[in-house]
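K.L.:
For reference, the file query04.cif (mmCIF, C-alpha atoms) is included below:
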data_final
#
loop_
_atom_site.label_atom_id
_atom_site.label_comp_id
_atom_site.auth_asym_id
_atom_site.auth_seq_id
_atom_site.Cartn_x
_atom_site.Cartn_y
_atom_site.Cartn_z
CA MET A 1 76.70 -51.18 -2.18
CA THR A 2 79.52 -48.90 -3.25
CA GLU A 3 79.80 -49.71 -6.93
CA ALA A 4 77.27 -48.22 -9.32
CA THR A 5 74.79 -50.64 -10.81
CA SER A 6 72.13 -50.02 -13.42
CA THR A 7 69.44 -52.59 -14.09
CA SER A 8 65.98 -52.75 -15.53
CA VAL A 9 63.31 -54.37 -13.41
CA ALA A 10 60.75 -56.16 -15.62
CA THR A 11 60.68 -53.31 -18.16
CA GLN A 12 63.10 -50.82 -19.71
CA ASP A 13 60.46 -48.15 -19.09
CA ILE A 14 61.57 -48.10 -15.45
CA LEU A 15 65.28 -47.84 -14.71
CA VAL A 16 66.72 -48.62 -11.29
CA HIS A 17 70.22 -47.43 -10.44
CA THR A 18 71.82 -47.94 -7.02
CA GLU A 19 74.96 -46.11 -5.92
CA ALA A 20 76.36 -45.09 -2.54
CA GLY A 21 73.21 -45.94 -0.62
CA VAL A 22 70.80 -44.21 -3.02
CA ALA A 23 68.40 -46.19 -5.23
CA THR A 24 67.15 -44.01 -8.09
CA ILE A 25 63.96 -45.09 -9.87
CA THR A 26 63.60 -43.31 -13.22
CA PHE A 27 60.55 -43.05 -15.47
CA ASN A 28 62.09 -43.89 -18.85
CA ARG A 29 59.19 -43.67 -21.29
CA VAL A 30 59.54 -40.09 -22.42
CA ASP A 31 58.15 -40.76 -25.90
CA LYS A 32 54.85 -41.66 -24.17
CA LYS A 33 55.13 -38.83 -21.65
CA ASN A 34 56.19 -41.32 -19.00
CA SER A 35 52.63 -42.63 -18.84
CA ILE A 36 52.57 -45.63 -16.53
CA THR A 37 51.67 -49.15 -17.62
CA ARG A 38 50.84 -52.20 -15.54
CA ASP A 39 54.38 -53.51 -16.11
CA MET A 40 55.85 -50.21 -14.91
CA TYR A 41 53.79 -50.34 -11.71
CA ALA A 42 55.01 -53.89 -11.15
CA ALA A 43 58.62 -52.82 -11.73
CA MET A 44 58.33 -49.94 -9.27
CA ALA A 45 56.62 -52.12 -6.67
CA ASP A 46 59.40 -54.70 -7.03
CA ALA A 47 62.08 -52.01 -6.85
CA LEU A 48 60.63 -50.61 -3.63
CA ALA A 49 60.38 -54.09 -2.09
CA ALA A 50 64.02 -54.76 -3.01
CA ALA A 51 65.15 -51.38 -1.64
CA LYS A 52 63.29 -51.98 1.60
CA ASP A 53 65.10 -55.28 2.17
CA ASP A 54 68.54 -54.12 0.97
CA ALA A 55 70.53 -52.85 3.95
CA ALA A 56 72.84 -51.01 1.54
CA VAL A 57 69.96 -48.82 0.32
CA ARG A 58 69.23 -45.91 2.63
CA VAL A 59 67.25 -43.57 0.38
CA VAL A 60 65.04 -43.90 -2.71
CA VAL A 61 64.74 -41.17 -5.36
CA PHE A 62 62.04 -41.01 -8.02
CA GLN A 63 62.75 -38.91 -11.09
CA GLY A 64 61.54 -38.33 -14.62
CA ASP A 65 62.73 -36.15 -17.50
CA VAL A 66 63.41 -32.40 -17.44
CA ALA A 67 60.26 -31.91 -19.55
CA ILE A 68 57.89 -34.52 -18.04
CA PHE A 69 57.58 -36.36 -14.74
CA SER A 70 54.58 -38.53 -15.60
CA ALA A 71 51.33 -38.15 -17.52
CA GLY A 72 49.74 -40.65 -15.13
CA ASN A 73 48.18 -43.91 -16.24
CA ASP A 74 48.68 -45.09 -19.80
CA ILE A 75 45.00 -44.97 -20.78
CA GLY A 76 45.15 -47.67 -23.44
CA ASP A 77 47.04 -50.08 -21.20
CA PHE A 78 44.80 -49.17 -18.28
CA LEU A 79 41.62 -49.97 -20.23
CA GLN A 80 43.05 -53.28 -21.47
CA GLN A 81 44.29 -54.32 -18.03
CA PRO A 82 42.29 -52.46 -15.37
CA PRO A 83 43.26 -53.12 -11.74
CA ALA A 84 40.94 -55.97 -10.80
CA THR A 85 42.04 -56.66 -7.23
CA GLN A 86 43.99 -55.09 -4.38
CA ASP A 87 46.93 -57.26 -5.49
CA SER A 88 47.09 -55.48 -8.87
CA PRO A 89 50.48 -53.86 -9.59
CA VAL A 90 49.18 -50.30 -9.11
CA PHE A 91 47.90 -51.10 -5.62
CA ARG A 92 51.09 -52.99 -4.76
CA PHE A 93 53.05 -49.90 -5.76
CA LEU A 94 50.82 -47.55 -3.77
CA ARG A 95 50.98 -49.67 -0.63
CA GLY A 96 54.73 -50.02 -1.14
CA ILE A 97 55.43 -46.30 -1.32
CA ALA A 98 52.95 -45.46 1.46
CA ALA A 99 54.57 -47.94 3.87
CA PHE A 100 58.18 -47.54 2.75
CA PRO A 101 60.22 -47.12 5.95
CA LYS A 102 63.24 -45.30 4.54
CA PRO A 103 63.34 -41.74 3.15
CA VAL A 104 61.81 -41.20 -0.30
CA ILE A 105 62.65 -38.17 -2.45
CA ALA A 106 61.02 -37.06 -5.70
CA SER A 107 62.43 -34.82 -8.42
CA VAL A 108 59.54 -33.45 -10.49
CA CYS A 109 59.82 -31.47 -13.72
CA GLY A 110 57.04 -30.77 -16.20
CA PRO A 111 53.56 -32.29 -15.87
CA ALA A 112 52.80 -34.66 -12.99
CA VAL A 113 49.31 -35.96 -13.70
CA GLY A 114 47.09 -38.15 -11.53
CA ILE A 115 49.25 -40.67 -9.72
CA GLY A 116 52.22 -38.56 -10.83
CA THR A 117 50.99 -36.08 -8.22
CA THR A 118 49.32 -38.32 -5.63
CA MET A 119 52.42 -40.48 -5.17
CA LEU A 120 54.23 -37.34 -4.00
CA PHE A 121 52.10 -37.18 -0.86
CA HIS A 122 53.93 -40.33 0.24
CA CYS A 123 57.39 -38.89 -0.43
CA ASP A 124 59.39 -37.24 2.34
CA LEU A 125 61.09 -34.58 0.23
CA VAL A 126 59.93 -33.20 -3.13
CA TYR A 127 61.97 -30.91 -5.38
CA ALA A 128 60.33 -29.34 -8.41
CA GLY A 129 61.52 -27.69 -11.56
CA ASP A 130 59.91 -24.31 -12.18
CA ASN A 131 58.13 -25.94 -15.14
CA ALA A 132 56.34 -28.48 -12.92
CA ALA A 133 52.55 -28.68 -13.23
CA PHE A 134 50.59 -30.86 -10.81
CA SER A 135 47.08 -32.14 -11.47
CA MET A 136 44.63 -34.71 -10.10
CA PRO A 137 41.92 -34.88 -12.81
CA PHE A 138 40.09 -37.96 -11.49
CA VAL A 139 36.64 -36.35 -11.52
CA ASN A 140 37.18 -35.33 -15.14
CA LEU A 141 37.59 -39.02 -15.98
CA GLY A 142 34.45 -40.05 -14.10
CA LEU A 143 36.56 -41.48 -11.28
CA CYS A 144 37.53 -40.65 -7.69
CA PRO A 145 40.86 -39.93 -5.97
CA GLU A 146 43.39 -42.68 -5.25
CA ALA A 147 46.58 -43.17 -3.20
CA ALA A 148 44.75 -41.91 -0.07
CA SER A 149 44.72 -38.46 -1.66
CA SER A 150 41.16 -37.84 -0.45
CA LEU A 151 42.68 -37.89 3.05
CA LEU A 152 46.15 -36.44 2.47
CA VAL A 153 45.35 -33.57 0.09
CA PRO A 154 42.90 -31.82 2.49
CA GLN A 155 45.34 -32.37 5.35
CA MET A 156 48.14 -30.64 3.47
CA MET A 157 46.28 -28.01 1.49
CA GLY A 158 43.23 -27.30 3.63
CA TYR A 159 39.76 -28.31 2.55
CA HIS A 160 38.95 -25.52 0.07
CA ARG A 161 42.22 -25.73 -1.84
CA ALA A 162 41.89 -29.51 -1.86
CA ALA A 163 38.36 -29.22 -3.21
CA GLU A 164 39.60 -26.96 -5.99
CA ALA A 165 42.38 -29.43 -6.87
CA LEU A 166 40.26 -32.59 -6.66
CA LEU A 167 36.82 -31.40 -7.83
CA LEU A 168 37.98 -29.19 -10.70
CA GLY A 169 41.07 -31.25 -11.47
CA GLU A 170 42.91 -28.28 -12.93
CA PRO A 171 46.72 -28.01 -12.88
CA PHE A 172 48.55 -25.97 -10.27
CA MET A 173 52.11 -24.87 -10.79
CA ALA A 174 55.32 -25.32 -8.84
CA GLU A 175 55.06 -22.10 -6.83
CA ALA A 176 51.54 -23.00 -5.69
CA ALA A 177 52.78 -26.47 -4.71
CA LEU A 178 55.57 -24.82 -2.73
CA GLU A 179 53.08 -22.56 -0.98
CA VAL A 180 50.89 -25.45 0.23
CA GLY A 181 53.86 -27.57 1.30
CA LEU A 182 53.80 -30.29 -1.36
CA VAL A 183 57.20 -29.13 -2.63
CA ASN A 184 60.31 -28.32 -0.59
CA ARG A 185 62.08 -26.18 -3.18
CA VAL A 186 61.62 -24.92 -6.75
CA VAL A 187 64.70 -24.88 -8.97
CA PRO A 188 65.51 -24.69 -12.70
CA PRO A 189 64.53 -27.99 -14.38
CA THR A 190 68.10 -28.80 -15.41
CA GLU A 191 69.17 -28.60 -11.75
CA CYS A 192 66.30 -30.54 -10.20
CA ASN A 193 67.65 -34.09 -10.37
CA GLY A 194 71.01 -32.88 -9.09
CA VAL A 195 69.41 -31.16 -6.10
CA ALA A 196 67.42 -34.28 -5.28
CA GLN A 197 70.53 -36.46 -5.53
CA ALA A 198 72.53 -34.08 -3.32
CA GLN A 199 69.83 -34.23 -0.64
CA ALA A 200 69.71 -38.02 -0.98
CA ARG A 201 73.46 -38.26 -0.40
CA LYS A 202 73.10 -36.13 2.73
CA LEU A 203 70.47 -38.50 4.06
CA ALA A 204 72.46 -41.59 3.06
CA ALA A 205 75.34 -40.38 5.25
CA LYS A 206 73.12 -40.31 8.35
CA PRO A 207 72.38 -43.28 10.63
CA LEU A 208 69.71 -45.40 8.95
CA SER A 209 68.11 -46.42 12.23
CA SER A 210 67.54 -42.76 13.11
CA LEU A 211 66.07 -41.99 9.69
CA ILE A 212 63.67 -44.93 9.89
CA GLU A 213 62.58 -44.22 13.45
CA THR A 214 62.07 -40.50 12.83
CA LYS A 215 59.95 -41.21 9.75
CA ARG A 216 57.97 -43.86 11.65
CA LEU A 217 57.23 -41.43 14.49
CA MET A 218 56.14 -38.70 12.08
CA LYS A 219 53.90 -40.97 10.01
CA GLY A 220 53.04 -43.77 12.42
CA GLY A 221 49.99 -42.13 13.91
CA GLN A 222 48.01 -42.29 10.69
CA GLN A 223 49.62 -45.16 8.79
CA ALA A 224 46.64 -47.46 9.41
CA LYS A 225 44.22 -44.72 8.35
CA VAL A 226 46.13 -44.11 5.12
CA MET A 227 45.93 -47.80 4.24
CA GLU A 228 42.23 -47.91 5.14
CA VAL A 229 41.40 -44.90 2.95
CA MET A 230 43.56 -46.22 0.12
CA ALA A 231 41.61 -49.50 0.14
CA GLU A 232 38.27 -47.68 0.23
CA GLU A 233 39.29 -45.44 -2.65
CA GLY A 234 40.45 -48.52 -4.58
CA GLU A 235 37.04 -50.16 -4.22
CA SER A 236 35.24 -46.99 -5.34
CA PHE A 237 37.71 -46.46 -8.19
CA GLY A 238 37.13 -49.98 -9.50
CA ARG A 239 33.36 -49.63 -9.32
CA MET A 240 33.34 -46.20 -10.99
CA LEU A 241 35.64 -47.44 -13.74
CA ARG A 242 32.77 -49.65 -14.94
CA GLU A 243 30.12 -46.92 -14.80
CA PRO A 244 28.83 -44.72 -17.68
CA ALA A 245 30.73 -41.53 -16.74
CA ALA A 246 34.13 -43.21 -16.89
CA ARG A 247 33.27 -45.06 -20.09
CA GLU A 248 32.27 -41.75 -21.69
CA ALA A 249 35.40 -39.99 -20.41
CA PHE A 250 37.75 -42.65 -21.72
CA SER A 251 35.91 -42.95 -25.04
CA ALA A 252 36.16 -39.19 -25.49
CA PHE A 253 39.86 -39.28 -24.64
CA MET A 254 40.59 -42.02 -27.16
CA GLU A 255 38.45 -40.29 -29.81
CA LYS A 256 40.02 -36.89 -29.05
CA ARG A 257 36.70 -35.17 -28.37
CA LYS A 258 35.09 -33.38 -25.47
CA PRO A 259 33.19 -35.74 -23.14
CA ASP A 260 29.44 -35.35 -22.63
CA PHE A 261 28.47 -36.07 -19.03
CA SER A 262 24.88 -34.81 -19.35
CA LYS A 263 23.51 -38.33 -18.82
CA SER A 264 25.89 -39.44 -16.09
#
Output the file's structure as structure tokens, nothing else.

P.N.:
Amino acid sequence: MTEATSTSVATQDILVHTEAGVATITFNRVDKKNSITRDMYAAMADALAAAKDDAAVRVVVFQGDVAIFSAGNDIGDFLQQPPATQDSPVFRFLRGIAAFPKPVIASVCGPAVGIGTTMLFHCDLVYAGDNAAFSMPFVNLGLCPEAASSLLVPQMMGYHRAAEALLLGEPFMAEAALEVGLVNRVVPPTECNGVAQAQARKLAAKPLSSLIETKRLMKGGQQAKVMEVMAEEGESFGRMLREPAAREAFSAFMEKRKPDFSKS
């Protein structure tokens, strides 16, 4: 596909633009800090499925705004439409990005919360603005990790750094992400999307069969394990979502107060 196309898939909150072999998926809900709704997960899952099957697409790029990548799940939407089964849009998206055979690049500026961070462990290249802040605050919401992050974060960071990130759930900045290998390069936020697109164009000029086979060989050894852990996390996540700690955490969030976990 040589001509530029720009379409919305299911929702204007996710934009998909394909040009010269690069499909760019943009979080387009800046007024809500790019928090992700069920419809947005469905749109991204559909976009990945389409990119996988489109021979003209060689690379996928995820990007947000210079000030915010994603605040994670939209809490209100999430509570109204929690993921009930493994076929829920969020799980379709996670399986889609984890198994995507072609290169995936992310351009991350500002906060990347929850799935805004864990999805990056399934990307092949990640470029960050120097304002990027990564966090996985699942425990703070009475929940557990998702996206196979309980497996992938310790592998990348080492156990103790992973424990700090997942048990405390506190943000870590772009330079720390660079140090542990989550990020390839840190650049000024206004340059980040451009850097990601330049790298995507380099990849798009290479033989697709070689890109796919190289990625398969690098990831193939643990693909089944990633899917297994992702499913196990999903079951635990769904169960914990109905338990007192999560109900207290979400109530406190909606009421803008500090949660009290003394009884959970």

K.L.:
When distances are computed from all atoms listed in the file, which of A:Gln80, A:Pro89, A:Gln222, A:Gln63 shows the smallest separation from A:Asp46?

P.N.:
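Among the listed residues, the smallest separation from A:Asp46 belongs to A:Pro89.
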
K.L.:
What's the separation between atom CA of A:Ala112 and atom CA of A:Ser251, in Å to one decimal place?

P.N.:
22.3 Å

K.L.:
Run the PyMOL selection byres ((chain A and resi 62) around 8) mentally over the shown coordinates, then write out the matched residues as a ChimeraX atom specification, using the chain letters and numbers from the document.

P.N.:
/A:24-27,60-61,63-64,104-107

K.L.:
Calculated over only C-alpha atoms, which of the candidates A:Gly21, A:Asn73, A:Val66, A:Val139 has the smallest distance to A:Thr37?

P.N.:
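Closest candidate: A:Asn73.
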
K.L.:
Measure the distance from atom CA of A:Met227 to atom CA of A:Ala147 in Å and round it to one decimal.

P.N.:
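Atom CA of A:Ala147 lies 8.8 Å from atom CA of A:Met227.
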
K.L.:
Which residues, named as in the file, does the PyMOL selection byres ((chain A and resi 231-238) around 6) pick out? Answer as a PDB file with C-alpha atoms, in the coordinates of the input.

P.N.:
ATOM      1  CA  LEU A 143      36.560 -41.480 -11.280  1.00  0.00           C
ATOM      2  CA  CYS A 144      37.530 -40.650  -7.690  1.00  0.00           C
ATOM      3  CA  GLU A 146      43.390 -42.680  -5.250  1.00  0.00           C
ATOM      4  CA  GLU A 228      42.230 -47.910   5.140  1.00  0.00           C
ATOM      5  CA  VAL A 229      41.400 -44.900   2.950  1.00  0.00           C
ATOM      6  CA  MET A 230      43.560 -46.220   0.120  1.00  0.00           C
ATOM      7  CA  ARG A 239      33.360 -49.630  -9.320  1.00  0.00           C
ATOM      8  CA  MET A 240      33.340 -46.200 -10.990  1.00  0.00           C
ATOM      9  CA  LEU A 241      35.640 -47.440 -13.740  1.00  0.00           C
TER      10      LEU A 241
END

K.L.:
Which residues of stretch 132-169 of chain A come within 9 Å of stretch 118-124 of chain A, and for each one, what is the closest pair of atoms and their distance in Å to one decimal, counting all atoms listed in the file, sorted by chain and residue number, as CSV?

P.N.:
residue,atom,partner,partner_atom,distance
A:Ser135,CA,A:Thr118,CA,8.8
A:Met136,CA,A:Thr118,CA,7.4
A:Pro145,CA,A:Thr118,CA,8.6
A:Glu146,CA,A:Thr118,CA,7.4
A:Ala147,CA,A:Thr118,CA,6.1
A:Ala148,CA,A:Thr118,CA,8.0
A:Ser149,CA,A:Thr118,CA,6.1
A:Leu152,CA,A:Phe121,CA,6.9
A:Val153,CA,A:Phe121,CA,7.7
A:Met156,CA,A:Phe121,CA,8.8

K.L.:
To one decimal place, how far is atom CA of A:Val57 from atom CA of A:Gly116 in Å?

P.N.:
23.3 Å

K.L.:
Is it possible to get the residues within 9 Å of (60.2, -29.5, -0.7) (coordinates as in the file, counting all atoms listed in the file) written as a PyMOL selection string?

P.N.:
chain A and resi 124-128+177-178+181-186

K.L.:
Give me the residues near A:Glu164 as a list in words, where near means some atom within 12 Å (using only C-alpha atoms) and where sequence neighbours in that chain fewer than 3 positions away do not count.

P.N.:
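Skipping anything fewer than 3 positions along the chain leaves Ser135, Met136, Pro137, Val139, Val153, Pro154, Met157, Gly158, Tyr159, His160, Arg161, Leu167, Leu168, Gly169, Glu170, Pro171 and Phe172 of chain A.
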
K.L.:
Kindly export the residues of the current selection with C-alpha atoms, as a tab-separated table (two decimals), keeping the file's coordinate frame.

P.N.:
chain	number	residue	atom	x	y	z
A	135	SER	CA	47.08	-32.14	-11.47
A	136	MET	CA	44.63	-34.71	-10.10
A	137	PRO	CA	41.92	-34.88	-12.81
A	139	VAL	CA	36.64	-36.35	-11.52
A	153	VAL	CA	45.35	-33.57	0.09
A	154	PRO	CA	42.90	-31.82	2.49
A	157	MET	CA	46.28	-28.01	1.49
A	158	GLY	CA	43.23	-27.30	3.63
A	159	TYR	CA	39.76	-28.31	2.55
A	160	HIS	CA	38.95	-25.52	0.07
A	161	ARG	CA	42.22	-25.73	-1.84
A	167	LEU	CA	36.82	-31.40	-7.83
A	168	LEU	CA	37.98	-29.19	-10.70
A	169	GLY	CA	41.07	-31.25	-11.47
A	170	GLU	CA	42.91	-28.28	-12.93
A	171	PRO	CA	46.72	-28.01	-12.88
A	172	PHE	CA	48.55	-25.97	-10.27

K.L.:
Please, what is the axis-aligned box for every listed atom of stretch 212-230 of chain A with 5 Å on each side, as centre and edge lengths in Å to one decimal, as lines of an AutoDock Vina configuration file?

P.N.:
center_x = 52.5
center_y = -43.3
center_z = 7.3
size_x = 32.3
size_y = 19.2
size_z = 24.4

K.L.:
Go through A:Ala49, A:Met254, A:Ala55, A:Val30 one by one, measure the shortest atom-to-atom distance of each to A:Leu208 using only C-alpha atoms, and give the residue with the smallest value.

P.N.:
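For A:Leu208, the nearest of the given residues is A:Ala55.
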